[in-house]
Amino acid sequence: MTVPAARRSYKFAFMMLTTLFFLWGFVHNLDPILIPHLRRSFSLTVLQAALVDSAVYIAYFVMALPAGLLIRRAGYRCTIIAGLVLFGVGSLLFLPAADTHRYVVFLAALFIIACGLTLLETAANPYAALLGRPERATQRLNLAQSFNGLAAAVAPIVGARLILVEGATDQQLQAMTEGARQAALAAEAASVKGPYLVLGLVIFAIAVVFYFIRLPEPERKAADSDEGVAGAIGQAWRHGPIRRAVIAQFFYVGAQVCVFSFFILFAASAAGLSQIAAADYLGWGCGVAFVAGRFAGTCAMKYVAPARLLLVYALICSGLCVVTMFASGMACVAAVIGIVFFMSIMFPTIFALGIKDAGAGTEMGSSLIIMAIVGGALLPLAFGFISDVTHSIQLGYAVPLVCFLVVAWFARTVLAHERSAAPVPPLTNGALKRV
């Protein structure tokens, strides 16, 4: 599949896509700020606070196939605009959520945002892979995803200072009457209104820009019938790399969400950091490590096969999870930052290796892999459950450990497939062909 447009239109389209990667990376990396903020405002357990991630990532499961169908029928540009509109609407819903001080309204707003992000990611990931030479698709997608990593560095630092306001201490809250305590917590919860109002307005402005610009569209057949769509889904699922990528992406996203979303709670418990200090480590430590890992991995893929690099990185992350579970103090924090560096290439690399050579199954294959992001809804619940039961958030890292081992399995299957599919060298020096 090729994009019939001039080379310069490739570059412009790719530049516009990078803004989307940054935006959804930014809002995703506000979630680790929201979790301790809402946990305090609503007196939640770790498991209850993990519902923030569940609300977000269940939307990926619900919307991924509709997103693929929308791409097939309306194209990438229209899908991107629809995603931006949902993204903006969900952001603005944070205002009534804060005004009513109801946790379920916050979860509904996050779900709507994530529905928009599902459309954006389902469209932007394969589109970035298609904009250029096929052999550079994995590198190109890693480069675009690097701006997602940049957002991972910026969002916690900015979000902590806008959302994690200095409110009443726990002792002061306990001394208040029930009505006064609820009013104080509601006032703290209202700190999300300004940031999400600005975010929503920015998103709507970008949607207007995408409405007026023209982007190159991949050549595709006319809209399929419902029977044809069902066949396309089945065809994509029968493609071995897609099927295995779905499994790997389920576990990888679960690991990533566990690492990022619980970092502030983890750093406060294991290293005794304050929430603001933990947020700074999340931004300057994890965020910078994530974007550095993306750029470094993109460069390394010029010399090392993507699947081989993925295998090595997954095994390193597994080892660092063991360190995180049993070390103490700042050594734990350093191990988690190491995990973030080495896991940074995993999402785009799994995605690109999964849809490689998928042909007509690319759109539906993309949808299936995006559906696997539901791992981010389910596996953090396991992390929270283990943390609550054992009274140790460090032992929750058993969940990411298992996840990275699954990613290593996926990388090995890709390497095995590549070796088996390698062409046999031609016979030389008059050697006889055996029959």
# chains A, B, ... in the order shown; residues from 1 in each chain; ligands from 1
>>> closest_atom_pairs(of="stretch 347-391 of chain A", to="stretch 65-72 of chain A", cutoff="7 Å", atoms="only C-alpha atoms", output="JSON lines")
{"residue": "A:Glu363", "atom": "CA", "partner": "A:Gly68", "partner_atom": "CA", "distance": 5.7}
{"residue": "A:Met364", "atom": "CA", "partner": "A:Gly68", "partner_atom": "CA", "distance": 5.6}
{"residue": "A:Ser367", "atom": "CA", "partner": "A:Gly68", "partner_atom": "CA", "distance": 5.3}
{"residue": "A:Leu368", "atom": "CA", "partner": "A:Leu65", "partner_atom": "CA", "distance": 7.0}
>>> residues_around(residues="stretch 14-26 of chain A", least_positions_apart="2", cutoff="8 Å", atoms="only C-alpha atoms", output="list of chain:residue names")
A:Tyr10, A:Lys11, A:Phe12, A:His28, A:Asn29, A:Leu30, A:Leu117, A:Leu120, A:Ala124, A:Ala128, A:Leu131, A:Ala144, A:Gln145, A:Phe147, A:Asn148, A:Gly149, A:Leu150, A:Ala151, A:Ala152, A:Val154, A:Ala155
>>> write_last_selection(atoms="N, CA, C and O atoms", output="PDB file, in the first residue's frame")
ATOM      1  N   TYR A  10       4.392  14.234   2.028  1.00  0.00           N
ATOM      2  CA  TYR A  10       4.709  13.253   3.050  1.00  0.00           C
ATOM      3  C   TYR A  10       5.239  13.951   4.292  1.00  0.00           C
ATOM      4  O   TYR A  10       4.828  13.683   5.412  1.00  0.00           O
ATOM      5  N   LYS A  11       6.200  14.841   4.065  1.00  0.00           N
ATOM      6  CA  LYS A  11       6.854  15.516   5.188  1.00  0.00           C
ATOM      7  C   LYS A  11       5.856  16.365   5.967  1.00  0.00           C
ATOM      8  O   LYS A  11       5.865  16.371   7.203  1.00  0.00           O
ATOM      9  N   PHE A  12       4.997  17.093   5.261  1.00  0.00           N
ATOM     10  CA  PHE A  12       4.026  17.940   5.946  1.00  0.00           C
ATOM     11  C   PHE A  12       3.029  17.093   6.725  1.00  0.00           C
ATOM     12  O   PHE A  12       2.706  17.396   7.871  1.00  0.00           O
ATOM     13  N   HIS A  28      -2.357  11.339  28.291  1.00  0.00           N
ATOM     14  CA  HIS A  28      -2.145  10.062  28.974  1.00  0.00           C
ATOM     15  C   HIS A  28      -1.249  10.239  30.193  1.00  0.00           C
ATOM     16  O   HIS A  28      -1.453   9.590  31.226  1.00  0.00           O
ATOM     17  N   ASN A  29      -0.258  11.103  30.078  1.00  0.00           N
ATOM     18  CA  ASN A  29       0.688  11.255  31.172  1.00  0.00           C
ATOM     19  C   ASN A  29       0.233  12.267  32.218  1.00  0.00           C
ATOM     20  O   ASN A  29       0.984  12.572  33.148  1.00  0.00           O
ATOM     21  N   LEU A  30      -0.993  12.767  32.059  1.00  0.00           N
ATOM     22  CA  LEU A  30      -1.643  13.455  33.167  1.00  0.00           C
ATOM     23  C   LEU A  30      -2.328  12.467  34.109  1.00  0.00           C
ATOM     24  O   LEU A  30      -2.616  12.799  35.259  1.00  0.00           O
ATOM     25  N   LEU A 117      -9.046   9.360  21.632  1.00  0.00           N
ATOM     26  CA  LEU A 117      -7.660   8.927  21.451  1.00  0.00           C
ATOM     27  C   LEU A 117      -7.586   7.619  20.669  1.00  0.00           C
ATOM     28  O   LEU A 117      -6.634   7.392  19.915  1.00  0.00           O
ATOM     29  N   LEU A 120      -7.710   8.483  17.107  1.00  0.00           N
ATOM     30  CA  LEU A 120      -6.446   9.092  16.698  1.00  0.00           C
ATOM     31  C   LEU A 120      -5.341   8.049  16.559  1.00  0.00           C
ATOM     32  O   LEU A 120      -4.611   8.034  15.558  1.00  0.00           O
ATOM     33  N   ALA A 124      -3.432   7.234  13.252  1.00  0.00           N
ATOM     34  CA  ALA A 124      -2.111   7.845  13.126  1.00  0.00           C
ATOM     35  C   ALA A 124      -0.980   6.825  13.086  1.00  0.00           C
ATOM     36  O   ALA A 124       0.016   7.028  12.377  1.00  0.00           O
ATOM     37  N   ALA A 128       1.412   6.833   9.866  1.00  0.00           N
ATOM     38  CA  ALA A 128       2.827   7.183   9.960  1.00  0.00           C
ATOM     39  C   ALA A 128       3.699   6.100   9.337  1.00  0.00           C
ATOM     40  O   ALA A 128       4.713   6.392   8.681  1.00  0.00           O
ATOM     41  N   LEU A 131       3.610   6.446   5.411  1.00  0.00           N
ATOM     42  CA  LEU A 131       4.101   7.668   4.768  1.00  0.00           C
ATOM     43  C   LEU A 131       5.587   7.574   4.453  1.00  0.00           C
ATOM     44  O   LEU A 131       6.417   8.212   5.087  1.00  0.00           O
ATOM     45  N   ALA A 144       8.007   9.124  15.226  1.00  0.00           N
ATOM     46  CA  ALA A 144       6.755   9.818  15.560  1.00  0.00           C
ATOM     47  C   ALA A 144       6.399   9.594  17.023  1.00  0.00           C
ATOM     48  O   ALA A 144       5.984  10.519  17.729  1.00  0.00           O
ATOM     49  N   GLN A 145       6.578   8.363  17.496  1.00  0.00           N
ATOM     50  CA  GLN A 145       6.263   8.046  18.880  1.00  0.00           C
ATOM     51  C   GLN A 145       7.229   8.723  19.855  1.00  0.00           C
ATOM     52  O   GLN A 145       6.931   8.839  21.049  1.00  0.00           O
ATOM     53  N   PHE A 147       7.805  11.806  19.973  1.00  0.00           N
ATOM     54  CA  PHE A 147       7.130  13.018  20.443  1.00  0.00           C
ATOM     55  C   PHE A 147       6.085  12.672  21.498  1.00  0.00           C
ATOM     56  O   PHE A 147       5.763  13.499  22.355  1.00  0.00           O
ATOM     57  N   ASN A 148       5.576  11.451  21.426  1.00  0.00           N
ATOM     58  CA  ASN A 148       4.745  10.939  22.511  1.00  0.00           C
ATOM     59  C   ASN A 148       5.578  10.849  23.790  1.00  0.00           C
ATOM     60  O   ASN A 148       5.132  11.199  24.880  1.00  0.00           O
ATOM     61  N   GLY A 149       6.829  10.414  23.635  1.00  0.00           N
ATOM     62  CA  GLY A 149       7.740  10.348  24.767  1.00  0.00           C
ATOM     63  C   GLY A 149       8.084  11.718  25.310  1.00  0.00           C
ATOM     64  O   GLY A 149       8.234  11.903  26.522  1.00  0.00           O
ATOM     65  N   LEU A 150       8.225  12.705  24.421  1.00  0.00           N
ATOM     66  CA  LEU A 150       8.484  14.071  24.870  1.00  0.00           C
ATOM     67  C   LEU A 150       7.354  14.562  25.765  1.00  0.00           C
ATOM     68  O   LEU A 150       7.581  15.218  26.792  1.00  0.00           O
ATOM     69  N   ALA A 151       6.125  14.221  25.386  1.00  0.00           N
ATOM     70  CA  ALA A 151       4.971  14.594  26.212  1.00  0.00           C
ATOM     71  C   ALA A 151       5.031  13.915  27.573  1.00  0.00           C
ATOM     72  O   ALA A 151       4.594  14.484  28.580  1.00  0.00           O
ATOM     73  N   ALA A 152       5.578  12.694  27.605  1.00  0.00           N
ATOM     74  CA  ALA A 152       5.701  11.982  28.873  1.00  0.00           C
ATOM     75  C   ALA A 152       6.629  12.703  29.833  1.00  0.00           C
ATOM     76  O   ALA A 152       6.486  12.584  31.059  1.00  0.00           O
ATOM     77  N   VAL A 154       7.054  16.164  29.722  1.00  0.00           N
ATOM     78  CA  VAL A 154       6.496  17.489  30.007  1.00  0.00           C
ATOM     79  C   VAL A 154       5.256  17.409  30.905  1.00  0.00           C
ATOM     80  O   VAL A 154       5.105  18.189  31.858  1.00  0.00           O
ATOM     81  N   ALA A 155       4.361  16.472  30.608  1.00  0.00           N
ATOM     82  CA  ALA A 155       3.049  16.439  31.274  1.00  0.00           C
ATOM     83  C   ALA A 155       3.127  16.314  32.798  1.00  0.00           C
ATOM     84  O   ALA A 155       2.432  17.055  33.505  1.00  0.00           O
TER      85      ALA A 155
END
>>> residues_around(residues="stretch 48-54 of chain A", least_positions_apart="5", cutoff="9 Å", atoms="only C-alpha atoms", output="number ranges by chain")
A: 31, 34-36, 38-39, 59, 106-107, 110-111, 257, 261-262, 374-378, 380-381, 383-384
>>> atom_distance(atom1="atom CA of A:Gly329", atom2="atom CA of A:Leu395")
14.3 Å
>>> decode(residues="stretch 73-111 of chain A", atoms="N, CA and C atoms", output="PDB file, in the first residue's frame")
ATOM      1  N   ARG A  73     -14.017   3.574   5.571  1.00  0.00           N
ATOM      2  CA  ARG A  73     -15.134   4.215   4.880  1.00  0.00           C
ATOM      3  C   ARG A  73     -14.896   5.705   4.626  1.00  0.00           C
ATOM      4  N   ALA A  74     -14.250   6.393   5.557  1.00  0.00           N
ATOM      5  CA  ALA A  74     -14.117   7.850   5.447  1.00  0.00           C
ATOM      6  C   ALA A  74     -12.687   8.317   5.274  1.00  0.00           C
ATOM      7  N   GLY A  75     -11.705   7.477   5.547  1.00  0.00           N
ATOM      8  CA  GLY A  75     -10.314   7.873   5.376  1.00  0.00           C
ATOM      9  C   GLY A  75      -9.663   8.313   6.672  1.00  0.00           C
ATOM     10  N   TYR A  76      -8.350   8.485   6.600  1.00  0.00           N
ATOM     11  CA  TYR A  76      -7.563   8.821   7.783  1.00  0.00           C
ATOM     12  C   TYR A  76      -7.877  10.219   8.297  1.00  0.00           C
ATOM     13  N   ARG A  77      -8.013  11.189   7.400  1.00  0.00           N
ATOM     14  CA  ARG A  77      -8.217  12.577   7.833  1.00  0.00           C
ATOM     15  C   ARG A  77      -9.520  12.736   8.605  1.00  0.00           C
ATOM     16  N   CYS A  78     -10.619  12.192   8.094  1.00  0.00           N
ATOM     17  CA  CYS A  78     -11.909  12.307   8.781  1.00  0.00           C
ATOM     18  C   CYS A  78     -11.888  11.596  10.131  1.00  0.00           C
ATOM     19  N   THR A  79     -11.196  10.471  10.198  1.00  0.00           N
ATOM     20  CA  THR A  79     -11.084   9.751  11.458  1.00  0.00           C
ATOM     21  C   THR A  79     -10.310  10.580  12.479  1.00  0.00           C
ATOM     22  N   ILE A  80      -9.254  11.232  12.031  1.00  0.00           N
ATOM     23  CA  ILE A  80      -8.466  12.086  12.924  1.00  0.00           C
ATOM     24  C   ILE A  80      -9.314  13.243  13.449  1.00  0.00           C
ATOM     25  N   ILE A  81     -10.110  13.868  12.585  1.00  0.00           N
ATOM     26  CA  ILE A  81     -10.961  14.989  13.018  1.00  0.00           C
ATOM     27  C   ILE A  81     -11.988  14.511  14.042  1.00  0.00           C
ATOM     28  N   ALA A  82     -12.625  13.367  13.771  1.00  0.00           N
ATOM     29  CA  ALA A  82     -13.603  12.827  14.714  1.00  0.00           C
ATOM     30  C   ALA A  82     -12.959  12.534  16.066  1.00  0.00           C
ATOM     31  N   GLY A  83     -11.743  12.002  16.033  1.00  0.00           N
ATOM     32  CA  GLY A  83     -11.033  11.728  17.280  1.00  0.00           C
ATOM     33  C   GLY A  83     -10.729  12.988  18.059  1.00  0.00           C
ATOM     34  N   LEU A  84     -10.331  14.035  17.354  1.00  0.00           N
ATOM     35  CA  LEU A  84     -10.034  15.298  18.024  1.00  0.00           C
ATOM     36  C   LEU A  84     -11.286  15.901  18.668  1.00  0.00           C
ATOM     37  N   VAL A  85     -12.425  15.780  17.997  1.00  0.00           N
ATOM     38  CA  VAL A  85     -13.671  16.325  18.552  1.00  0.00           C
ATOM     39  C   VAL A  85     -14.031  15.603  19.861  1.00  0.00           C
ATOM     40  N   LEU A  86     -13.972  14.274  19.855  1.00  0.00           N
ATOM     41  CA  LEU A  86     -14.257  13.525  21.080  1.00  0.00           C
ATOM     42  C   LEU A  86     -13.261  13.868  22.185  1.00  0.00           C
ATOM     43  N   PHE A  87     -12.008  13.995  21.827  1.00  0.00           N
ATOM     44  CA  PHE A  87     -10.948  14.374  22.753  1.00  0.00           C
ATOM     45  C   PHE A  87     -11.287  15.707  23.420  1.00  0.00           C
ATOM     46  N   GLY A  88     -11.695  16.686  22.605  1.00  0.00           N
ATOM     47  CA  GLY A  88     -12.032  18.005  23.126  1.00  0.00           C
ATOM     48  C   GLY A  88     -13.255  17.987  24.026  1.00  0.00           C
ATOM     49  N   VAL A  89     -14.287  17.248  23.619  1.00  0.00           N
ATOM     50  CA  VAL A  89     -15.514  17.166  24.419  1.00  0.00           C
ATOM     51  C   VAL A  89     -15.216  16.549  25.791  1.00  0.00           C
ATOM     52  N   GLY A  90     -14.459  15.460  25.798  1.00  0.00           N
ATOM     53  CA  GLY A  90     -14.119  14.820  27.068  1.00  0.00           C
ATOM     54  C   GLY A  90     -13.325  15.739  27.983  1.00  0.00           C
ATOM     55  N   SER A  91     -12.418  16.524  27.409  1.00  0.00           N
ATOM     56  CA  SER A  91     -11.629  17.460  28.215  1.00  0.00           C
ATOM     57  C   SER A  91     -12.526  18.501  28.877  1.00  0.00           C
ATOM     58  N   LEU A  92     -13.491  19.021  28.150  1.00  0.00           N
ATOM     59  CA  LEU A  92     -14.384  20.040  28.704  1.00  0.00           C
ATOM     60  C   LEU A  92     -15.313  19.464  29.766  1.00  0.00           C
ATOM     61  N   LEU A  93     -15.575  18.147  29.710  1.00  0.00           N
ATOM     62  CA  LEU A  93     -16.430  17.525  30.716  1.00  0.00           C
ATOM     63  C   LEU A  93     -15.784  17.495  32.104  1.00  0.00           C
ATOM     64  N   PHE A  94     -14.482  17.780  32.175  1.00  0.00           N
ATOM     65  CA  PHE A  94     -13.841  17.865  33.484  1.00  0.00           C
ATOM     66  C   PHE A  94     -14.400  19.029  34.304  1.00  0.00           C
ATOM     67  N   LEU A  95     -14.964  20.023  33.638  1.00  0.00           N
ATOM     68  CA  LEU A  95     -15.530  21.154  34.378  1.00  0.00           C
ATOM     69  C   LEU A  95     -16.758  20.728  35.194  1.00  0.00           C
ATOM     70  N   PRO A  96     -17.786  20.112  34.565  1.00  0.00           N
ATOM     71  CA  PRO A  96     -18.913  19.643  35.397  1.00  0.00           C
ATOM     72  C   PRO A  96     -18.513  18.530  36.358  1.00  0.00           C
ATOM     73  N   ALA A  97     -17.502  17.729  36.003  1.00  0.00           N
ATOM     74  CA  ALA A  97     -17.052  16.680  36.917  1.00  0.00           C
ATOM     75  C   ALA A  97     -16.523  17.298  38.207  1.00  0.00           C
ATOM     76  N   ALA A  98     -15.733  18.369  38.070  1.00  0.00           N
ATOM     77  CA  ALA A  98     -15.195  19.042  39.253  1.00  0.00           C
ATOM     78  C   ALA A  98     -16.295  19.763  40.025  1.00  0.00           C
ATOM     79  N   ASP A  99     -17.243  20.362  39.305  1.00  0.00           N
ATOM     80  CA  ASP A  99     -18.324  21.102  39.968  1.00  0.00           C
ATOM     81  C   ASP A  99     -19.221  20.179  40.792  1.00  0.00           C
ATOM     82  N   THR A 100     -19.502  18.990  40.268  1.00  0.00           N
ATOM     83  CA  THR A 100     -20.371  18.042  40.990  1.00  0.00           C
ATOM     84  C   THR A 100     -19.602  17.216  42.015  1.00  0.00           C
ATOM     85  N   HIS A 101     -18.247  17.178  41.870  1.00  0.00           N
ATOM     86  CA  HIS A 101     -17.385  16.399  42.757  1.00  0.00           C
ATOM     87  C   HIS A 101     -17.874  14.954  42.857  1.00  0.00           C
ATOM     88  N   ARG A 102     -18.028  14.344  41.664  1.00  0.00           N
ATOM     89  CA  ARG A 102     -18.447  12.942  41.603  1.00  0.00           C
ATOM     90  C   ARG A 102     -17.418  12.156  40.805  1.00  0.00           C
ATOM     91  N   TYR A 103     -16.906  11.105  41.414  1.00  0.00           N
ATOM     92  CA  TYR A 103     -15.851  10.301  40.798  1.00  0.00           C
ATOM     93  C   TYR A 103     -16.317   9.685  39.487  1.00  0.00           C
ATOM     94  N   VAL A 104     -17.574   9.246  39.429  1.00  0.00           N
ATOM     95  CA  VAL A 104     -18.088   8.592  38.234  1.00  0.00           C
ATOM     96  C   VAL A 104     -18.108   9.555  37.048  1.00  0.00           C
ATOM     97  N   VAL A 105     -18.314  10.857  37.303  1.00  0.00           N
ATOM     98  CA  VAL A 105     -18.314  11.830  36.204  1.00  0.00           C
ATOM     99  C   VAL A 105     -16.898  12.018  35.677  1.00  0.00           C
ATOM    100  N   PHE A 106     -15.916  12.008  36.566  1.00  0.00           N
ATOM    101  CA  PHE A 106     -14.519  12.057  36.116  1.00  0.00           C
ATOM    102  C   PHE A 106     -14.209  10.850  35.241  1.00  0.00           C
ATOM    103  N   LEU A 107     -14.655   9.678  35.668  1.00  0.00           N
ATOM    104  CA  LEU A 107     -14.390   8.463  34.885  1.00  0.00           C
ATOM    105  C   LEU A 107     -15.078   8.530  33.519  1.00  0.00           C
ATOM    106  N   ALA A 108     -16.295   9.097  33.467  1.00  0.00           N
ATOM    107  CA  ALA A 108     -17.002   9.237  32.188  1.00  0.00           C
ATOM    108  C   ALA A 108     -16.245  10.194  31.258  1.00  0.00           C
ATOM    109  N   ALA A 109     -15.740  11.302  31.806  1.00  0.00           N
ATOM    110  CA  ALA A 109     -14.974  12.253  30.996  1.00  0.00           C
ATOM    111  C   ALA A 109     -13.712  11.598  30.442  1.00  0.00           C
ATOM    112  N   LEU A 110     -13.027  10.814  31.282  1.00  0.00           N
ATOM    113  CA  LEU A 110     -11.820  10.108  30.828  1.00  0.00           C
ATOM    114  C   LEU A 110     -12.161   9.083  29.755  1.00  0.00           C
ATOM    115  N   PHE A 111     -13.297   8.417  29.884  1.00  0.00           N
ATOM    116  CA  PHE A 111     -13.717   7.432  28.885  1.00  0.00           C
ATOM    117  C   PHE A 111     -13.943   8.111  27.527  1.00  0.00           C
TER     118      PHE A 111
END
